[in-house]
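The structure appears below as structure tokens.
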Amino acid sequence: MIVVPGPSSIKLGLKVAEILSVRRVDVEYKNFPDGESYLRLSEAVNGEDVVLIHTTYPQPDKRVLELLLLINTLKDLGARYVKAVVPYMAYARQDSRFREGEAISINTIFKLIERAGADEFLTVDIHKEFSLKVFGIKAKNIPAAESIAEYLKDMDLVRPYILSPDKGALKIAQSIGERLGAEYGNFEKTRDRISGAITVKGERVEAKNRDIIIADDLISTGGTIASASKIVKGEGARRVIAVCTHPLLVGDALSKMKAAGVDEIIGTDTIESEVSRITVAKLIAKELSKS
Ligand code: R5P
């Protein structure tokens, strides 16, 4: 097995190669003056079982295209088996036709990944697992909860409560809660499909003097976390910690959450960001060593 860290996942790719003690083949990468990507495999890969690790953020459109170019090039250069590991899968939230005429973007991208020659697909905390069903190849989601819980265990939490800001991330909150032996639950969120405006509400959480961990699969604009934080801070929470797998952190997301009372923001390295304090390298390596 060899690991190829794509240009958007160099650090994570190196960590995974190191844990597995396997050879690494780097990608030579540059941007042409007009913005097009230039990619070149620095060593031969023919006959190899290749693990390509390439996340799709920031610049999701460009990253998705690079992913397709890399998969196809690896196959073209004679790789025997290509496992595409995409730590954060962009477009996964557009997994249904919410309004008449919409593109179901993730379906198109998955078809392209398969068509480009991927033999297997792995991702971390995909928005909804059902979207993987579109693949005709082996496709699997790796939950990050184990690594997130390990990190939280060392935080001296006071009577922690793990709160999902919507039903969708309850699975994550539950998994973290069970690992910490902490209570968990969820709020309800509605989003206006045209304006994008969100409303978060829910049953009262006994937040007084407790550490509330708001857990979500991703933080984009920070609006969801900010709304949930205002509620629990209003109930007297001692500390609010926002934790997510994919810290997209668009625009003023960090200051928005802080203004809403969030004391700490923590993410994983599926996307390299200033809050990426938890690594998913061990989980990816564990999954890769299974087959
Ligand atoms: C959506 O259901 C996701 O799980 C996140 O809650 C959401 O995408 C976060 O977006 P934002 O940070 O913009 O509120």
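Residue numbers start at 1 in each chain; chains themselves are named A, B, ... in the order of the structure tokens; ligands are numbered from 1 in the order shown.
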
*Could you give me, as an NGL selection string, each residue of segment 64-271 of chain A that DSSP assigns to strand (DSSP E) when run on this structure's backbone?*
:A and (81-86 or 120-124 or 138-142 or 161-164 or 183-186 or 188-191 or 198-201 or 211-219 or 239-247 or 264-268)

_Can you pull out the residues contacting Arg210 of chain A? Cut-off 7 Å, using only C-alpha atoms, and skip same-chain residues under 5 positions away; I want them as a VMD selection string._
chain A and resid 158 to 160 237 to 239

Excluding segment 181-188 of chain A and its own-chain neighbours fewer than 5 positions away, which residues fall within 8 Å of it when counting only C-alpha atoms? Please give them as a PDB file with all heavy atoms, in the first residue's frame.
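Wrote out.pdb, looks like this:
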```pdb
ATOM      1  N   ARG A 159     -20.150  18.438  34.770  1.00  0.00           N
ATOM      2  CA  ARG A 159     -21.502  17.921  34.464  1.00  0.00           C
ATOM      3  C   ARG A 159     -21.859  18.158  32.988  1.00  0.00           C
ATOM      4  O   ARG A 159     -22.825  18.835  32.665  1.00  0.00           O
ATOM      5  CB  ARG A 159     -22.538  18.581  35.376  1.00  0.00           C
ATOM      6  CG  ARG A 159     -22.304  18.254  36.866  1.00  0.00           C
ATOM      7  CD  ARG A 159     -23.278  19.012  37.751  1.00  0.00           C
ATOM      8  NE  ARG A 159     -24.650  18.705  37.411  1.00  0.00           N
ATOM      9  CZ  ARG A 159     -25.613  19.632  37.235  1.00  0.00           C
ATOM     10  NH1 ARG A 159     -25.332  20.914  37.361  1.00  0.00           N
ATOM     11  NH2 ARG A 159     -26.824  19.279  36.941  1.00  0.00           N
ATOM     12  N   PRO A 160     -21.067  17.593  32.074  1.00  0.00           N
ATOM     13  CA  PRO A 160     -21.268  17.883  30.655  1.00  0.00           C
ATOM     14  C   PRO A 160     -22.601  17.382  30.090  1.00  0.00           C
ATOM     15  O   PRO A 160     -23.114  16.338  30.510  1.00  0.00           O
ATOM     16  CB  PRO A 160     -20.104  17.153  29.974  1.00  0.00           C
ATOM     17  CG  PRO A 160     -19.694  16.099  30.936  1.00  0.00           C
ATOM     18  CD  PRO A 160     -19.962  16.642  32.301  1.00  0.00           C
ATOM     19  N   TYR A 161     -23.126  18.139  29.156  1.00  0.00           N
ATOM     20  CA  TYR A 161     -24.324  17.744  28.402  1.00  0.00           C
ATOM     21  C   TYR A 161     -23.965  17.927  26.933  1.00  0.00           C
ATOM     22  O   TYR A 161     -23.489  18.993  26.536  1.00  0.00           O
ATOM     23  CB  TYR A 161     -25.513  18.651  28.776  1.00  0.00           C
ATOM     24  CG  TYR A 161     -26.806  18.251  28.095  1.00  0.00           C
ATOM     25  CD1 TYR A 161     -27.737  17.422  28.731  1.00  0.00           C
ATOM     26  CD2 TYR A 161     -27.095  18.691  26.793  1.00  0.00           C
ATOM     27  CE1 TYR A 161     -28.922  17.051  28.100  1.00  0.00           C
ATOM     28  CE2 TYR A 161     -28.275  18.317  26.156  1.00  0.00           C
ATOM     29  CZ  TYR A 161     -29.189  17.496  26.812  1.00  0.00           C
ATOM     30  OH  TYR A 161     -30.349  17.127  26.179  1.00  0.00           O
ATOM     31  N   ILE A 162     -24.160  16.878  26.138  1.00  0.00           N
ATOM     32  CA  ILE A 162     -23.784  16.955  24.714  1.00  0.00           C
ATOM     33  C   ILE A 162     -25.053  17.258  23.927  1.00  0.00           C
ATOM     34  O   ILE A 162     -25.999  16.467  23.914  1.00  0.00           O
ATOM     35  CB  ILE A 162     -23.152  15.635  24.202  1.00  0.00           C
ATOM     36  CG1 ILE A 162     -22.228  14.996  25.257  1.00  0.00           C
ATOM     37  CG2 ILE A 162     -22.425  15.878  22.874  1.00  0.00           C
ATOM     38  CD1 ILE A 162     -21.024  15.785  25.663  1.00  0.00           C
ATOM     39  N   LEU A 163     -25.048  18.395  23.292  1.00  0.00           N
ATOM     40  CA  LEU A 163     -26.260  18.885  22.619  1.00  0.00           C
ATOM     41  C   LEU A 163     -26.052  18.955  21.112  1.00  0.00           C
ATOM     42  O   LEU A 163     -25.108  19.582  20.623  1.00  0.00           O
ATOM     43  CB  LEU A 163     -26.568  20.296  23.148  1.00  0.00           C
ATOM     44  CG  LEU A 163     -27.696  21.056  22.473  1.00  0.00           C
ATOM     45  CD1 LEU A 163     -29.043  20.394  22.746  1.00  0.00           C
ATOM     46  CD2 LEU A 163     -27.721  22.512  22.965  1.00  0.00           C
ATOM     47  N   SER A 164     -26.959  18.316  20.393  1.00  0.00           N
ATOM     48  CA  SER A 164     -26.937  18.474  18.937  1.00  0.00           C
ATOM     49  C   SER A 164     -27.902  19.612  18.598  1.00  0.00           C
ATOM     50  O   SER A 164     -29.027  19.631  19.089  1.00  0.00           O
ATOM     51  CB  SER A 164     -27.414  17.178  18.273  1.00  0.00           C
ATOM     52  OG  SER A 164     -27.741  17.445  16.939  1.00  0.00           O
ATOM     53  N   PRO A 165     -27.499  20.551  17.753  1.00  0.00           N
ATOM     54  CA  PRO A 165     -28.401  21.677  17.470  1.00  0.00           C
ATOM     55  C   PRO A 165     -29.578  21.306  16.568  1.00  0.00           C
ATOM     56  O   PRO A 165     -30.510  22.081  16.395  1.00  0.00           O
ATOM     57  CB  PRO A 165     -27.484  22.687  16.764  1.00  0.00           C
ATOM     58  CG  PRO A 165     -26.391  21.885  16.187  1.00  0.00           C
ATOM     59  CD  PRO A 165     -26.198  20.688  17.087  1.00  0.00           C
ATOM     60  N   ASP A 166     -29.519  20.111  15.987  1.00  0.00           N
ATOM     61  CA  ASP A 166     -30.652  19.633  15.178  1.00  0.00           C
ATOM     62  C   ASP A 166     -30.700  18.108  15.261  1.00  0.00           C
ATOM     63  O   ASP A 166     -29.799  17.475  15.805  1.00  0.00           O
ATOM     64  CB  ASP A 166     -30.563  20.127  13.716  1.00  0.00           C
ATOM     65  CG  ASP A 166     -29.249  19.744  13.058  1.00  0.00           C
ATOM     66  OD1 ASP A 166     -28.656  18.721  13.454  1.00  0.00           O
ATOM     67  OD2 ASP A 166     -28.813  20.465  12.152  1.00  0.00           O
ATOM     68  N   LYS A 167     -31.762  17.539  14.684  1.00  0.00           N
ATOM     69  CA  LYS A 167     -31.919  16.074  14.759  1.00  0.00           C
ATOM     70  C   LYS A 167     -30.802  15.357  14.026  1.00  0.00           C
ATOM     71  O   LYS A 167     -30.354  14.285  14.417  1.00  0.00           O
ATOM     72  CB  LYS A 167     -33.265  15.690  14.127  1.00  0.00           C
ATOM     73  CG  LYS A 167     -34.342  15.488  15.138  1.00  0.00           C
ATOM     74  CD  LYS A 167     -35.466  14.684  14.506  1.00  0.00           C
ATOM     75  CE  LYS A 167     -36.682  14.730  15.405  1.00  0.00           C
ATOM     76  NZ  LYS A 167     -37.922  14.939  14.677  1.00  0.00           N
ATOM     77  N   LEU A 170     -27.759  14.285  15.966  1.00  0.00           N
ATOM     78  CA  LEU A 170     -27.994  13.605  17.249  1.00  0.00           C
ATOM     79  C   LEU A 170     -27.117  12.360  17.401  1.00  0.00           C
ATOM     80  O   LEU A 170     -26.612  12.057  18.479  1.00  0.00           O
ATOM     81  CB  LEU A 170     -29.479  13.240  17.403  1.00  0.00           C
ATOM     82  CG  LEU A 170     -29.839  12.492  18.694  1.00  0.00           C
ATOM     83  CD1 LEU A 170     -29.493  13.314  19.924  1.00  0.00           C
ATOM     84  CD2 LEU A 170     -31.318  12.111  18.714  1.00  0.00           C
ATOM     85  N   ALA A 173     -23.848  13.433  18.716  1.00  0.00           N
ATOM     86  CA  ALA A 173     -23.954  13.814  20.128  1.00  0.00           C
ATOM     87  C   ALA A 173     -24.122  12.567  21.003  1.00  0.00           C
ATOM     88  O   ALA A 173     -23.506  12.451  22.070  1.00  0.00           O
ATOM     89  CB  ALA A 173     -25.132  14.763  20.325  1.00  0.00           C
ATOM     90  N   GLN A 174     -24.931  11.631  20.528  1.00  0.00           N
ATOM     91  CA  GLN A 174     -25.178  10.406  21.291  1.00  0.00           C
ATOM     92  C   GLN A 174     -23.885   9.598  21.444  1.00  0.00           C
ATOM     93  O   GLN A 174     -23.539   9.133  22.538  1.00  0.00           O
ATOM     94  CB  GLN A 174     -26.235   9.563  20.565  1.00  0.00           C
ATOM     95  CG  GLN A 174     -26.473   8.239  21.239  1.00  0.00           C
ATOM     96  CD  GLN A 174     -27.615   7.449  20.595  1.00  0.00           C
ATOM     97  OE1 GLN A 174     -28.252   7.905  19.648  1.00  0.00           O
ATOM     98  NE2 GLN A 174     -27.860   6.269  21.107  1.00  0.00           N
ATOM     99  N   VAL A 200     -33.583  27.856  15.567  1.00  0.00           N
ATOM    100  CA  VAL A 200     -33.258  26.712  16.421  1.00  0.00           C
ATOM    101  C   VAL A 200     -34.086  26.818  17.690  1.00  0.00           C
ATOM    102  O   VAL A 200     -34.136  27.881  18.317  1.00  0.00           O
ATOM    103  CB  VAL A 200     -31.750  26.699  16.785  1.00  0.00           C
ATOM    104  CG1 VAL A 200     -31.437  25.587  17.784  1.00  0.00           C
ATOM    105  CG2 VAL A 200     -30.894  26.534  15.537  1.00  0.00           C
ATOM    106  N   LYS A 201     -34.763  25.763  18.016  1.00  0.00           N
ATOM    107  CA  LYS A 201     -35.496  25.756  19.296  1.00  0.00           C
ATOM    108  C   LYS A 201     -35.571  24.318  19.817  1.00  0.00           C
ATOM    109  O   LYS A 201     -35.208  23.386  19.099  1.00  0.00           O
ATOM    110  CB  LYS A 201     -36.883  26.367  19.147  1.00  0.00           C
ATOM    111  CG  LYS A 201     -37.746  25.772  18.090  1.00  0.00           C
ATOM    112  CD  LYS A 201     -39.035  26.534  17.994  1.00  0.00           C
ATOM    113  CE  LYS A 201     -39.852  25.931  16.840  1.00  0.00           C
ATOM    114  NZ  LYS A 201     -40.879  26.714  16.342  1.00  0.00           N
ATOM    115  N   GLY A 202     -36.045  24.153  21.021  1.00  0.00           N
ATOM    116  CA  GLY A 202     -36.130  22.787  21.513  1.00  0.00           C
ATOM    117  C   GLY A 202     -36.552  22.744  22.949  1.00  0.00           C
ATOM    118  O   GLY A 202     -36.801  23.778  23.570  1.00  0.00           O
ATOM    119  N   GLU A 203     -36.597  21.512  23.445  1.00  0.00           N
ATOM    120  CA  GLU A 203     -36.985  21.346  24.842  1.00  0.00           C
ATOM    121  C   GLU A 203     -35.919  21.957  25.732  1.00  0.00           C
ATOM    122  O   GLU A 203     -34.755  22.035  25.358  1.00  0.00           O
ATOM    123  CB  GLU A 203     -37.113  19.863  25.145  1.00  0.00           C
ATOM    124  CG  GLU A 203     -38.376  19.306  24.552  1.00  0.00           C
ATOM    125  CD  GLU A 203     -38.582  17.850  24.899  1.00  0.00           C
ATOM    126  OE1 GLU A 203     -37.918  17.361  25.822  1.00  0.00           O
ATOM    127  OE2 GLU A 203     -39.415  17.237  24.229  1.00  0.00           O
ATOM    128  N   ALA A 228     -27.976  28.010  19.022  1.00  0.00           N
ATOM    129  CA  ALA A 228     -28.095  27.055  20.125  1.00  0.00           C
ATOM    130  C   ALA A 228     -27.374  27.589  21.361  1.00  0.00           C
ATOM    131  O   ALA A 228     -27.859  27.438  22.494  1.00  0.00           O
ATOM    132  CB  ALA A 228     -27.507  25.703  19.711  1.00  0.00           C
TER     133      ALA A 228
END
```

*Gly6 of chain A surroundings by only C-alpha atoms, 10 Å radius, close-in-sequence under 4 positions cut, as an MDAnalysis selection string*: chainID A and resid 10:13 25:29 39 41 52:55 63 66:67 70 85:86

Atoms to include: N, CA and C atoms. Write the selected residues as a PDB file, in the first residue's frame.
```
ATOM      1  N   ILE A  10      -2.279  17.497   2.885  1.00  0.00           N
ATOM      2  CA  ILE A  10      -0.880  17.075   3.011  1.00  0.00           C
ATOM      3  C   ILE A  10      -0.563  16.608   4.438  1.00  0.00           C
ATOM      4  N   LYS A  11      -0.906  17.460   5.441  1.00  0.00           N
ATOM      5  CA  LYS A  11      -0.561  17.104   6.828  1.00  0.00           C
ATOM      6  C   LYS A  11      -1.238  15.805   7.259  1.00  0.00           C
ATOM      7  N   LEU A  12      -2.529  15.721   6.988  1.00  0.00           N
ATOM      8  CA  LEU A  12      -3.284  14.533   7.385  1.00  0.00           C
ATOM      9  C   LEU A  12      -2.753  13.300   6.648  1.00  0.00           C
ATOM     10  N   GLY A  13      -2.465  13.455   5.371  1.00  0.00           N
ATOM     11  CA  GLY A  13      -1.930  12.344   4.576  1.00  0.00           C
ATOM     12  C   GLY A  13      -0.607  11.843   5.146  1.00  0.00           C
ATOM     13  N   VAL A  25       3.782   8.832  -1.710  1.00  0.00           N
ATOM     14  CA  VAL A  25       4.138   9.425  -3.003  1.00  0.00           C
ATOM     15  C   VAL A  25       3.499  10.800  -3.055  1.00  0.00           C
ATOM     16  N   ASP A  26       4.314  11.820  -3.211  1.00  0.00           N
ATOM     17  CA  ASP A  26       3.788  13.191  -3.182  1.00  0.00           C
ATOM     18  C   ASP A  26       3.213  13.620  -4.528  1.00  0.00           C
ATOM     19  N   VAL A  27       2.382  14.629  -4.459  1.00  0.00           N
ATOM     20  CA  VAL A  27       1.809  15.209  -5.677  1.00  0.00           C
ATOM     21  C   VAL A  27       2.451  16.577  -5.891  1.00  0.00           C
ATOM     22  N   GLU A  28       2.988  16.757  -7.078  1.00  0.00           N
ATOM     23  CA  GLU A  28       3.513  18.086  -7.430  1.00  0.00           C
ATOM     24  C   GLU A  28       2.299  18.907  -7.861  1.00  0.00           C
ATOM     25  N   TYR A  29       2.205  20.090  -7.289  1.00  0.00           N
ATOM     26  CA  TYR A  29       0.971  20.848  -7.505  1.00  0.00           C
ATOM     27  C   TYR A  29       1.247  22.323  -7.737  1.00  0.00           C
ATOM     28  N   LEU A  39      -1.318  19.050 -11.816  1.00  0.00           N
ATOM     29  CA  LEU A  39      -1.044  17.973 -10.862  1.00  0.00           C
ATOM     30  C   LEU A  39      -0.115  16.951 -11.498  1.00  0.00           C
ATOM     31  N   LEU A  41       2.055  13.224 -10.356  1.00  0.00           N
ATOM     32  CA  LEU A  41       2.529  12.243  -9.371  1.00  0.00           C
ATOM     33  C   LEU A  41       4.048  12.201  -9.443  1.00  0.00           C
ATOM     34  N   LEU A  52      -5.465   7.461  -1.780  1.00  0.00           N
ATOM     35  CA  LEU A  52      -5.386   8.901  -2.078  1.00  0.00           C
ATOM     36  C   LEU A  52      -6.178   9.639  -1.009  1.00  0.00           C
ATOM     37  N   ILE A  53      -5.540  10.607  -0.339  1.00  0.00           N
ATOM     38  CA  ILE A  53      -6.249  11.364   0.707  1.00  0.00           C
ATOM     39  C   ILE A  53      -6.345  12.815   0.257  1.00  0.00           C
ATOM     40  N   HIS A  54      -7.538  13.264  -0.018  1.00  0.00           N
ATOM     41  CA  HIS A  54      -7.701  14.616  -0.569  1.00  0.00           C
ATOM     42  C   HIS A  54      -9.056  15.173  -0.125  1.00  0.00           C
ATOM     43  N   THR A  55      -9.010  16.204   0.707  1.00  0.00           N
ATOM     44  CA  THR A  55     -10.268  16.765   1.183  1.00  0.00           C
ATOM     45  C   THR A  55     -10.797  17.799   0.179  1.00  0.00           C
ATOM     46  N   ARG A  63     -11.417  21.692  -5.554  1.00  0.00           N
ATOM     47  CA  ARG A  63     -10.933  20.494  -4.862  1.00  0.00           C
ATOM     48  C   ARG A  63     -11.592  19.223  -5.405  1.00  0.00           C
ATOM     49  N   GLU A  66      -9.916  18.441  -8.657  1.00  0.00           N
ATOM     50  CA  GLU A  66      -8.582  17.867  -8.421  1.00  0.00           C
ATOM     51  C   GLU A  66      -8.687  16.401  -7.987  1.00  0.00           C
ATOM     52  N   LEU A  67      -9.695  16.133  -7.159  1.00  0.00           N
ATOM     53  CA  LEU A  67      -9.905  14.754  -6.713  1.00  0.00           C
ATOM     54  C   LEU A  67     -10.135  13.840  -7.923  1.00  0.00           C
ATOM     55  N   LEU A  70      -6.935  13.420  -9.928  1.00  0.00           N
ATOM     56  CA  LEU A  70      -5.956  12.540  -9.262  1.00  0.00           C
ATOM     57  C   LEU A  70      -6.369  11.067  -9.366  1.00  0.00           C
ATOM     58  N   VAL A  85      -9.889   8.554  -0.266  1.00  0.00           N
ATOM     59  CA  VAL A  85     -10.287   8.961   1.083  1.00  0.00           C
ATOM     60  C   VAL A  85     -10.528  10.465   1.045  1.00  0.00           C
ATOM     61  N   VAL A  86     -11.774  10.850   1.249  1.00  0.00           N
ATOM     62  CA  VAL A  86     -12.126  12.266   1.181  1.00  0.00           C
ATOM     63  C   VAL A  86     -12.599  12.677   2.585  1.00  0.00           C
TER      64      VAL A  86
END
```

*Could you tell me which of A:Ile225, A:Met1, A:Ile19, A:Val280 comes closest to Tyr151 of chain A if we count only C-alpha atoms?*
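Using only C-alpha atoms, Tyr151 of chain A sits closest to A:Val280.
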